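Student: Structure supplied as final_24.txt; contents: compact mmCIF, C-alpha atoms and all ligand atoms.
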# COMPACT_ATOMS: atom_id res chain seq x y z
CA MET A 843 0.00 0.00 0.00
CA ALA A 844 1.43 3.31 -1.06
CA GLU A 845 1.85 5.96 1.62
CA LEU A 846 -0.98 8.20 0.44
CA GLY A 847 -3.47 5.37 -0.04
CA TYR A 848 -5.49 5.20 -3.22
CA LEU A 849 -8.48 6.96 -4.72
CA ILE A 850 -10.37 4.93 -7.32
CA ALA A 851 -12.77 7.29 -9.07
CA GLY A 852 -15.40 6.33 -11.63
CA ASN A 853 -16.26 8.96 -14.23
CA TRP A 854 -19.55 7.76 -15.67
CA LYS A 855 -19.56 10.60 -18.22
CA MET A 856 -22.95 11.09 -19.98
CA ASN A 857 -24.11 7.49 -19.69
CA GLY A 858 -27.22 5.79 -18.38
CA LEU A 859 -30.75 6.70 -17.42
CA SER A 860 -31.95 6.94 -13.84
CA GLY A 861 -32.60 3.21 -13.46
CA ASP A 862 -29.09 2.39 -14.69
CA ALA A 863 -27.51 4.94 -12.35
CA LYS A 864 -29.45 3.66 -9.36
CA ALA A 865 -28.53 0.04 -10.07
CA LEU A 866 -24.87 0.83 -10.70
CA ALA A 867 -24.51 2.97 -7.58
CA ALA A 868 -26.23 0.29 -5.50
CA ALA A 869 -23.96 -2.42 -6.92
CA VAL A 870 -20.83 -0.38 -6.17
CA ALA A 871 -22.13 0.29 -2.66
CA ALA A 872 -22.85 -3.42 -2.12
CA GLY A 873 -19.27 -4.36 -3.01
CA ALA A 874 -17.52 -1.46 -1.35
CA GLY A 875 -17.02 -3.26 1.94
CA ALA A 876 -14.61 -5.61 0.20
CA ALA A 877 -12.33 -2.80 -0.99
CA PRO A 878 -8.87 -3.03 0.58
CA ALA A 879 -8.03 -0.74 3.50
CA GLY A 880 -6.71 2.61 2.36
CA VAL A 881 -8.59 2.48 -0.95
CA ASP A 882 -11.30 5.14 -1.28
CA LEU A 883 -14.07 4.70 -3.84
CA LEU A 884 -15.68 7.63 -5.60
CA ILE A 885 -18.45 7.62 -8.21
CA CYS A 886 -19.07 10.62 -10.47
CA PRO A 887 -22.49 10.13 -12.10
CA PRO A 888 -24.07 12.59 -14.54
CA ALA A 889 -25.44 15.64 -12.69
CA ALA A 890 -29.01 14.50 -13.40
CA HIS A 891 -28.43 11.31 -11.40
CA LEU A 892 -26.41 12.68 -8.48
CA ALA A 893 -29.29 12.74 -6.03
CA LEU A 894 -30.50 9.20 -6.67
CA ALA A 895 -26.95 7.82 -6.80
CA GLY A 896 -26.31 9.62 -3.51
CA ASP A 897 -29.33 7.89 -1.99
CA ALA A 898 -28.09 4.51 -3.25
CA ILE A 899 -24.67 4.87 -1.58
CA ALA A 900 -25.92 6.53 1.62
CA GLY A 901 -24.42 5.00 4.74
CA THR A 902 -21.53 3.39 2.84
CA ALA A 903 -17.94 4.51 2.36
CA VAL A 904 -18.51 5.25 -1.34
CA ARG A 905 -18.17 8.94 -2.06
CA LEU A 906 -19.99 11.08 -4.61
CA GLY A 907 -18.52 13.53 -7.11
CA GLY A 908 -19.55 15.85 -9.91
CA GLN A 909 -18.06 15.80 -13.41
CA ASP A 910 -17.70 19.58 -13.76
CA CYS A 911 -18.74 22.79 -12.07
CA HIS A 912 -19.13 26.45 -12.93
CA GLU A 913 -16.72 28.97 -11.44
CA ALA A 914 -19.51 31.09 -9.90
CA ALA A 915 -21.55 30.15 -6.83
CA GLY A 916 -24.79 31.05 -8.59
CA GLY A 917 -26.31 33.37 -11.17
CA ALA A 918 -27.57 33.56 -14.73
CA PHE A 919 -25.63 30.61 -16.19
CA THR A 920 -28.11 28.45 -18.06
CA GLY A 921 -27.35 24.76 -17.93
CA ASP A 922 -24.48 25.04 -15.47
CA ILE A 923 -24.08 23.68 -11.96
CA SER A 924 -22.15 25.33 -9.14
CA ALA A 925 -19.69 23.71 -6.77
CA GLU A 926 -21.99 24.77 -3.93
CA MET A 927 -24.88 22.85 -5.52
CA LEU A 928 -22.70 19.75 -5.81
CA LYS A 929 -21.70 20.07 -2.17
CA ASP A 930 -25.35 20.47 -1.22
CA LEU A 931 -26.14 17.22 -3.05
CA GLY A 932 -23.61 15.36 -0.92
CA CYS A 933 -20.60 15.47 -3.22
CA SER A 934 -17.09 15.40 -1.78
CA HIS A 935 -15.24 15.80 -5.09
CA VAL A 936 -15.61 17.35 -8.53
CA ILE A 937 -13.68 16.63 -11.71
CA VAL A 938 -12.45 19.80 -13.43
CA GLY A 939 -10.52 20.25 -16.66
CA HIS A 940 -11.30 16.85 -18.14
CA SER A 941 -10.03 16.75 -21.71
CA GLU A 942 -13.61 16.28 -22.90
CA ARG A 943 -14.30 19.70 -21.34
CA ARG A 944 -11.00 21.24 -22.45
CA ASP A 945 -11.52 20.10 -26.05
CA GLY A 946 -15.28 19.90 -26.43
CA HIS A 947 -16.04 23.10 -24.52
CA ALA A 948 -12.87 25.10 -25.17
CA GLU A 949 -11.88 25.21 -21.50
CA GLY A 950 -8.33 26.46 -20.98
CA ASP A 951 -6.04 26.34 -17.97
CA ALA A 952 -7.20 29.71 -16.61
CA LEU A 953 -10.83 28.61 -16.51
CA VAL A 954 -9.88 25.24 -15.04
CA TRP A 955 -7.95 27.12 -12.31
CA ARG A 956 -11.07 29.17 -11.54
CA LYS A 957 -13.25 26.04 -11.44
CA ALA A 958 -10.78 24.30 -9.12
CA SER A 959 -10.78 27.41 -6.92
CA ALA A 960 -14.60 27.35 -6.90
CA ALA A 961 -14.48 23.74 -5.72
CA LEU A 962 -12.15 24.71 -2.86
CA ARG A 963 -14.44 27.62 -1.98
CA ALA A 964 -17.38 25.19 -1.70
CA GLY A 965 -15.44 22.66 0.35
CA LEU A 966 -15.12 20.14 -2.50
CA ILE A 967 -11.95 18.34 -3.54
CA PRO A 968 -11.24 19.18 -7.19
CA ILE A 969 -9.72 16.42 -9.30
CA VAL A 970 -7.80 18.58 -11.75
CA CYS A 971 -7.24 16.73 -15.04
CA VAL A 972 -4.24 17.24 -17.28
CA GLY A 973 -2.83 15.31 -20.22
CA GLU A 974 -1.06 15.60 -23.52
CA THR A 975 -2.47 15.03 -26.99
CA GLU A 976 -1.02 12.34 -29.20
CA GLN A 977 0.83 14.98 -31.20
CA GLU A 978 2.40 16.40 -28.05
CA ARG A 979 3.51 12.91 -26.99
CA LEU A 980 4.93 12.13 -30.42
CA SER A 981 6.92 15.35 -30.40
CA GLY A 982 8.44 14.50 -27.00
CA LYS A 983 6.48 17.15 -25.14
CA ALA A 984 4.32 15.03 -22.79
CA GLU A 985 6.07 15.91 -19.50
CA GLU A 986 6.48 19.55 -20.43
CA THR A 987 2.81 19.88 -21.44
CA VAL A 988 1.50 18.23 -18.31
CA ALA A 989 3.78 20.21 -15.98
CA ARG A 990 2.65 23.43 -17.63
CA GLN A 991 -1.02 22.46 -17.23
CA VAL A 992 -0.47 21.60 -13.56
CA ARG A 993 1.21 24.96 -12.88
CA ALA A 994 -1.59 26.87 -14.62
CA SER A 995 -4.63 24.83 -13.47
CA VAL A 996 -3.90 24.05 -9.82
CA PRO A 997 -4.74 26.71 -7.22
CA ASP A 998 -1.73 27.48 -5.03
CA GLY A 999 -2.23 26.96 -1.32
CA ALA A 1000 -3.99 23.62 -1.85
CA ASP A 1001 -2.69 20.35 -0.42
CA GLY A 1002 -3.58 16.67 -0.41
CA THR A 1003 -6.50 17.16 1.95
CA CYS A 1004 -8.33 19.29 -0.61
CA LEU A 1005 -6.84 18.50 -4.03
CA ALA A 1006 -6.17 15.59 -6.39
CA VAL A 1007 -4.63 15.71 -9.87
CA ALA A 1008 -5.32 13.23 -12.66
CA TYR A 1009 -3.06 12.46 -15.61
CA GLU A 1010 -5.20 11.47 -18.57
CA PRO A 1011 -3.32 11.27 -21.86
CA VAL A 1012 -5.94 12.41 -24.37
CA TRP A 1013 -5.03 9.61 -26.80
CA ALA A 1014 -5.48 6.91 -24.13
CA ILE A 1015 -9.05 7.85 -23.19
CA GLY A 1016 -11.56 5.27 -24.39
CA SER A 1017 -9.04 3.97 -26.92
CA GLY A 1018 -7.88 0.80 -25.19
CA ARG A 1019 -4.32 2.15 -25.47
CA THR A 1020 -2.22 3.09 -22.47
CA PRO A 1021 1.23 4.61 -22.11
CA THR A 1022 3.99 2.26 -21.00
CA ASN A 1023 4.66 2.03 -17.29
CA ASP A 1024 7.85 4.03 -17.79
CA GLU A 1025 5.94 6.76 -19.64
CA ILE A 1026 3.35 6.97 -16.85
CA ALA A 1027 6.13 7.07 -14.25
CA ALA A 1028 7.92 9.88 -16.11
CA VAL A 1029 4.80 12.02 -16.39
CA HIS A 1030 3.77 11.45 -12.78
CA LYS A 1031 7.28 12.41 -11.70
CA ALA A 1032 6.96 15.63 -13.69
CA MET A 1033 3.54 16.30 -12.15
CA ARG A 1034 4.91 15.73 -8.66
CA ALA A 1035 7.80 18.11 -9.34
CA ALA A 1036 5.42 20.77 -10.69
CA LEU A 1037 3.22 20.42 -7.58
CA VAL A 1038 6.21 20.65 -5.25
CA GLY A 1039 7.31 23.78 -7.10
CA LEU A 1040 3.85 25.28 -6.76
CA LEU A 1041 2.84 24.18 -3.26
CA GLY A 1042 6.13 23.44 -1.51
CA ASP A 1043 7.67 20.10 -0.52
CA ALA A 1044 5.20 18.82 2.06
CA LYS A 1045 1.99 19.94 0.37
CA GLY A 1046 3.20 18.91 -3.08
CA ALA A 1047 4.06 15.44 -1.80
CA SER A 1048 0.66 15.04 -0.14
CA VAL A 1049 -1.48 15.32 -3.29
CA LYS A 1050 -2.86 12.11 -4.79
CA LEU A 1051 -1.94 11.70 -8.45
CA LEU A 1052 -4.42 9.57 -10.39
CA TYR A 1053 -3.86 7.93 -13.75
CA GLY A 1054 -6.77 7.74 -16.22
CA GLY A 1055 -7.11 6.34 -19.72
CA SER A 1056 -8.21 2.77 -20.51
CA VAL A 1057 -7.76 1.50 -16.95
CA LYS A 1058 -9.29 -1.97 -16.62
CA PRO A 1059 -9.17 -4.76 -14.04
CA GLY A 1060 -6.52 -6.46 -16.19
CA ASN A 1061 -4.02 -3.57 -16.20
CA ALA A 1062 -4.90 -1.84 -12.92
CA LYS A 1063 -2.46 -3.73 -10.70
CA GLU A 1064 0.62 -2.81 -12.70
CA ILE A 1065 -0.47 0.79 -13.25
CA LEU A 1066 -1.30 1.33 -9.58
CA ALA A 1067 2.08 -0.09 -8.57
CA ILE A 1068 3.93 2.69 -10.42
CA HIS A 1069 5.70 5.21 -8.20
CA ASN A 1070 3.64 8.39 -7.72
CA VAL A 1071 0.42 6.74 -8.95
CA ASN A 1072 -2.04 7.11 -6.09
CA GLY A 1073 -5.24 6.09 -7.79
CA ALA A 1074 -7.18 5.83 -11.02
CA LEU A 1075 -9.78 7.88 -12.84
CA VAL A 1076 -11.80 5.25 -14.66
CA GLY A 1077 -14.19 5.88 -17.53
CA GLY A 1078 -15.65 2.92 -19.44
CA ALA A 1079 -14.77 0.27 -16.86
CA SER A 1080 -16.55 2.24 -14.13
CA LEU A 1081 -19.88 1.52 -15.83
CA LYS A 1082 -19.69 -2.12 -14.71
CA ALA A 1083 -19.63 -2.46 -10.93
CA ALA A 1084 -17.62 -5.70 -11.06
CA ASP A 1085 -14.90 -4.08 -13.19
CA PHE A 1086 -14.79 -0.95 -11.05
CA LEU A 1087 -14.57 -2.98 -7.86
CA GLY A 1088 -11.96 -5.22 -9.51
CA ILE A 1089 -9.80 -2.14 -10.13
CA ALA A 1090 -10.22 -1.14 -6.48
CA ALA A 1091 -9.21 -4.64 -5.41
CA ALA A 1092 -6.08 -4.36 -7.55
CA ALA A 1093 -5.06 -1.23 -5.66
CA GLY A 1094 -4.60 -3.25 -2.50
CA ALA A 1095 -2.94 -6.22 -4.14
P1 LIG B 1 -11.64 5.44 -20.22
O1 LIG B 1 -11.33 4.70 -18.91
O2 LIG B 1 -12.93 5.01 -20.82
O3 LIG B 1 -10.46 5.42 -21.13
O4 LIG B 1 -11.87 6.97 -19.79
C1 LIG B 1 -10.93 7.62 -19.03
C2 LIG B 1 -11.48 8.90 -18.59
O5 LIG B 1 -11.64 9.83 -19.38
C3 LIG B 1 -11.85 9.04 -17.16
O6 LIG B 1 -12.10 10.38 -16.83
Hey, can you dump this file as structure tokens for me?
Ligand code: 13P

Tutor:
Amino acid sequence: MAELGYLIAGNWKMNGLSGDAKALAAAVAAGAGAAPAGVDLLICPPAAHLALAGDAIAGTAVRLGGQDCHEAAGGAFTGDISAEMLKDLGCSHVIVGHSERRDGHAEGDALVWRKASAALRAGLIPIVCVGETEQERLSGKAEETVARQVRASVPDGADGTCLAVAYEPVWAIGSGRTPTNDEIAAVHKAMRAALVGLLGDAKGASVKLLYGGSVKPGNAKEILAIHNVNGALVGGASLKAADFLGIAAAAGA
């Protein structure tokens, strides 16, 4: 077991209707007791299903998170959801800066920084996502890109009690492809160094660094054993409770 423990987070993205969400949350909750000590489970359902998923996991150790939040606490922002609303619904975490937001909704580092700051304001733990494109990896710029995104997206003053950072190579998301263990280790080392530069030694060392991108029960054990990997942000495999729980089991193996 790594020193910081592990966070295994399921990003359900825009999948499932209410019945699916209720069943999936209940199935995760039913299996959560078998998760190894030191492994925290988090589900991030679509906003529309947060309340019913929250009901399904009530009284268990499974935690609830949002997939995005607005930077403001409230106001005339049609279709958006504030960090305060997520907190009010029982969330402990919120994903910010996912590449599907950065690319699909033109969200840059400055906005991601403001969203992460909004999460801190509301008492939520932001999971700040960073990651290089395939082109950036091919041109040898993966570490540099990710370190730059960390420096520009992470609010200073945060520490591991109120912040997590996820490395999600854009080309590995939903593709079945993953970086090599050495490539993951190199990027996580660069992320750790960027956090230490930003937050100082102790705070920088205290932040959980998650890996995301085609994590499955079959590759979770080796990925989670990599130095500076303190959890996983799981997309597709989090939609099957058995797979998600299998990834959590691998964290303790
Ligand atoms: P996949 O696990 O489906 O590759 O998705 C990763 C992801 O984007 C999690 O946020």

Student: Between A:Val936, A:Leu966, A:Ala900, A:Ala989, single out the one closest to A:Gly852, counting only C-alpha atoms.

Tutor: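 Among the listed residues, A:Val936 lies closest to A:Gly852.
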
Student: Kindly indicate which residue among A:Ala1062, A:Ala948, A:Cys933, A:Leu846 lies nearest to A:Pro887, using all atoms listed in the file for the distances.

Tutor: A:Cys933

Student: Around ligand LIG 1 (chain B), at most 7 Å away and counting only C-alpha atoms and all ligand atoms, which residues are there? Put them as a ChimeraX atom specification, please.

Tutor: /A:853,940,1010,1014-1018,1054-1057,1075-1079

Student: Could you please take those selected residues and save C-alpha atoms as a compact mmCIF listing (two decimals), in the frame of the given file?

Tutor:
# COMPACT_ATOMS: atom_id res chain seq x y z
CA ASN A 853 -16.26 8.96 -14.23
CA HIS A 940 -11.30 16.85 -18.14
CA GLU A 1010 -5.20 11.47 -18.57
CA ALA A 1014 -5.48 6.91 -24.13
CA ILE A 1015 -9.05 7.85 -23.19
CA GLY A 1016 -11.56 5.27 -24.39
CA SER A 1017 -9.04 3.97 -26.92
CA GLY A 1018 -7.88 0.80 -25.19
CA GLY A 1054 -6.77 7.74 -16.22
CA GLY A 1055 -7.11 6.34 -19.72
CA SER A 1056 -8.21 2.77 -20.51
CA VAL A 1057 -7.76 1.50 -16.95
CA LEU A 1075 -9.78 7.88 -12.84
CA VAL A 1076 -11.80 5.25 -14.66
CA GLY A 1077 -14.19 5.88 -17.53
CA GLY A 1078 -15.65 2.92 -19.44
CA ALA A 1079 -14.77 0.27 -16.86

Student: Name all residues at most 9 Å from stretch 1024-1041 of chain A (count only C-alpha atoms; drop same-chain ones fewer than 3 positions away) and give them as a short mmCIF file (atom, residue, chain, number, x, y, z; two decimals) with C-alpha atoms, in the frame of the given file.

Tutor:
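Resulting contents of around-v2.cif:
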data_model
loop_
_atom_site.label_atom_id
_atom_site.label_comp_id
_atom_site.auth_asym_id
_atom_site.auth_seq_id
_atom_site.Cartn_x
_atom_site.Cartn_y
_atom_site.Cartn_z
CA ALA A 984 4.32 15.03 -22.79
CA GLU A 985 6.07 15.91 -19.50
CA GLU A 986 6.48 19.55 -20.43
CA VAL A 988 1.50 18.23 -18.31
CA ALA A 989 3.78 20.21 -15.98
CA ARG A 990 2.65 23.43 -17.63
CA VAL A 992 -0.47 21.60 -13.56
CA ARG A 993 1.21 24.96 -12.88
CA VAL A 996 -3.90 24.05 -9.82
CA PRO A 997 -4.74 26.71 -7.22
CA ASP A 998 -1.73 27.48 -5.03
CA GLY A 999 -2.23 26.96 -1.32
CA ALA A 1000 -3.99 23.62 -1.85
CA ASP A 1001 -2.69 20.35 -0.42
CA VAL A 1007 -4.63 15.71 -9.87
CA TYR A 1009 -3.06 12.46 -15.61
CA THR A 1020 -2.22 3.09 -22.47
CA PRO A 1021 1.23 4.61 -22.11
CA ALA A 1044 5.20 18.82 2.06
CA LYS A 1045 1.99 19.94 0.37
CA GLY A 1046 3.20 18.91 -3.08
CA ALA A 1047 4.06 15.44 -1.80
CA VAL A 1049 -1.48 15.32 -3.29
CA LEU A 1051 -1.94 11.70 -8.45
CA LEU A 1052 -4.42 9.57 -10.39
CA TYR A 1053 -3.86 7.93 -13.75
CA ILE A 1065 -0.47 0.79 -13.25
CA ILE A 1068 3.93 2.69 -10.42
CA HIS A 1069 5.70 5.21 -8.20
CA ASN A 1070 3.64 8.39 -7.72
CA VAL A 1071 0.42 6.74 -8.95
#

Student: Atom CA of A:Leu1005 and atom CA of A:Gly946, how far apart in Å?

Tutor: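 Between atom CA of A:Gly946 and atom CA of A:Leu1005 the gap is 24.0 Å.
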
Student: Kindly indicate which residue among A:Ala867, A:Ala914, A:Leu931, A:Val938 lies nearest to A:Ala1008, using all atoms listed in the file for the distances.

Tutor: A:Val938

Student: Between atom CA of A:Gly1002 and atom CA of A:Ala1084, what is the spacing in Å?

Tutor: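 Atom-to-atom, atom CA of A:Ala1084 and atom CA of A:Gly1002 are spaced 28.5 Å apart.
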
Student: For A:Ala877, find every residue with an atom within 9 Å (counting all atoms listed in the file), except residues of its own chain fewer than 4 positions away, and show them as a PDB file with C-alpha atoms, in the frame of the given file.

Tutor:
ATOM      1  CA  GLY A 873     -19.270  -4.360  -3.010  1.00  0.00           C
ATOM      2  CA  VAL A 881      -8.590   2.480  -0.950  1.00  0.00           C
ATOM      3  CA  ASP A 882     -11.300   5.140  -1.280  1.00  0.00           C
ATOM      4  CA  LEU A 883     -14.070   4.700  -3.840  1.00  0.00           C
ATOM      5  CA  LEU A1087     -14.570  -2.980  -7.860  1.00  0.00           C
ATOM      6  CA  GLY A1088     -11.960  -5.220  -9.510  1.00  0.00           C
ATOM      7  CA  ALA A1090     -10.220  -1.140  -6.480  1.00  0.00           C
ATOM      8  CA  ALA A1091      -9.210  -4.640  -5.410  1.00  0.00           C
ATOM      9  CA  ALA A1093      -5.060  -1.230  -5.660  1.00  0.00           C
ATOM     10  CA  GLY A1094      -4.600  -3.250  -2.500  1.00  0.00           C
TER      11      GLY A1094
END

Student: Please indicate the distance in Å from atom CA of A:Ala851 to atom CA of A:Lys1050, rounded to one decimal place.

Tutor: 11.8 Å

Student: When you count all atoms listed in the file, which of these residues is closest to A:Lys1082: A:Asp862, A:Asp930, A:Glu976, A:Glu949?

Tutor: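 Ranked by minimum distance to A:Lys1082, first place goes to A:Asp862.
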
Student: So, counting all atoms listed in the file, which residue among A:Asn1072, A:Ser1080, A:Gln977, A:Thr1003 is closest to A:Glu845?

Tutor: A:Asn1072

Student: Restricting the calculation to all atoms listed in the file, which member of A:Cys971, A:Ser959, A:Glu942, A:Ile850 is positioned closest to A:Pro1059?

Tutor: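 Ranked by minimum distance to A:Pro1059, first place goes to A:Ile850.
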
Student: Please report, as JSON, the centre and edge lengths in Å to one decimal of an axis-aligned box covering all listed atoms of stretch 890-902 of chain A with 6 Å per side.

Tutor:
{"center_x": -26.0, "center_y": 8.9, "center_z": -4.3, "size_x": 21.0, "size_y": 23.1, "size_z": 30.1}

Student: Assuming the input is short of atoms at stretch 1071-1095 of chain A, produce N, CA and C atoms for that part as a short mmCIF file (atom, residue, chain, number, x, y, z; two decimals), in the frame of the given file.

Tutor:
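And here is the file that came out, rebuild_0.cif:
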data_model
loop_
_atom_site.label_atom_id
_atom_site.label_comp_id
_atom_site.auth_asym_id
_atom_site.auth_seq_id
_atom_site.Cartn_x
_atom_site.Cartn_y
_atom_site.Cartn_z
N VAL A 1071 1.81 6.98 -8.52
CA VAL A 1071 0.42 6.74 -8.95
C VAL A 1071 -0.37 6.38 -7.70
N ASN A 1072 -1.30 7.26 -7.35
CA ASN A 1072 -2.04 7.11 -6.09
C ASN A 1072 -3.52 6.88 -6.33
N GLY A 1073 -3.84 6.38 -7.51
CA GLY A 1073 -5.24 6.09 -7.79
C GLY A 1073 -5.51 6.10 -9.28
N ALA A 1074 -6.78 5.90 -9.62
CA ALA A 1074 -7.18 5.83 -11.02
C ALA A 1074 -8.46 6.62 -11.23
N LEU A 1075 -8.54 7.24 -12.40
CA LEU A 1075 -9.78 7.88 -12.84
C LEU A 1075 -10.28 7.02 -14.00
N VAL A 1076 -11.37 6.32 -13.76
CA VAL A 1076 -11.80 5.25 -14.66
C VAL A 1076 -13.05 5.68 -15.41
N GLY A 1077 -13.03 5.54 -16.72
CA GLY A 1077 -14.19 5.88 -17.53
C GLY A 1077 -15.02 4.63 -17.81
N GLY A 1078 -14.82 4.04 -18.99
CA GLY A 1078 -15.65 2.92 -19.44
C GLY A 1078 -15.80 1.80 -18.42
N ALA A 1079 -14.71 1.41 -17.79
CA ALA A 1079 -14.77 0.27 -16.86
C ALA A 1079 -15.53 0.61 -15.58
N SER A 1080 -15.80 1.90 -15.35
CA SER A 1080 -16.55 2.24 -14.13
C SER A 1080 -18.06 2.04 -14.32
N LEU A 1081 -18.46 1.73 -15.56
CA LEU A 1081 -19.88 1.52 -15.83
C LEU A 1081 -20.33 0.10 -15.52
N LYS A 1082 -19.37 -0.75 -15.17
CA LYS A 1082 -19.69 -2.12 -14.71
C LYS A 1082 -19.15 -2.23 -13.30
N ALA A 1083 -20.05 -2.45 -12.34
CA ALA A 1083 -19.63 -2.46 -10.93
C ALA A 1083 -18.52 -3.48 -10.69
N ALA A 1084 -18.62 -4.66 -11.32
CA ALA A 1084 -17.62 -5.70 -11.06
C ALA A 1084 -16.25 -5.25 -11.53
N ASP A 1085 -16.20 -4.55 -12.68
CA ASP A 1085 -14.90 -4.08 -13.19
C ASP A 1085 -14.35 -2.98 -12.30
N PHE A 1086 -15.23 -2.06 -11.91
CA PHE A 1086 -14.79 -0.95 -11.05
C PHE A 1086 -14.25 -1.49 -9.72
N LEU A 1087 -15.00 -2.41 -9.15
CA LEU A 1087 -14.57 -2.98 -7.86
C LEU A 1087 -13.31 -3.84 -8.05
N GLY A 1088 -13.17 -4.44 -9.22
CA GLY A 1088 -11.96 -5.22 -9.51
C GLY A 1088 -10.73 -4.31 -9.57
N ILE A 1089 -10.91 -3.11 -10.10
CA ILE A 1089 -9.80 -2.14 -10.13
C ILE A 1089 -9.45 -1.73 -8.71
N ALA A 1090 -10.48 -1.51 -7.89
CA ALA A 1090 -10.22 -1.14 -6.48
C ALA A 1090 -9.48 -2.27 -5.77
N ALA A 1091 -9.87 -3.50 -6.05
CA ALA A 1091 -9.21 -4.64 -5.41
C ALA A 1091 -7.74 -4.69 -5.80
N ALA A 1092 -7.46 -4.33 -7.06
CA ALA A 1092 -6.08 -4.36 -7.55
C ALA A 1092 -5.20 -3.33 -6.84
N ALA A 1093 -5.83 -2.27 -6.34
CA ALA A 1093 -5.06 -1.23 -5.66
C ALA A 1093 -4.47 -1.75 -4.35
N GLY A 1094 -5.11 -2.74 -3.77
CA GLY A 1094 -4.60 -3.25 -2.50
C GLY A 1094 -3.73 -4.48 -2.68
N ALA A 1095 -3.63 -4.95 -3.92
CA ALA A 1095 -2.94 -6.22 -4.14
C ALA A 1095 -1.42 -6.09 -4.10
#
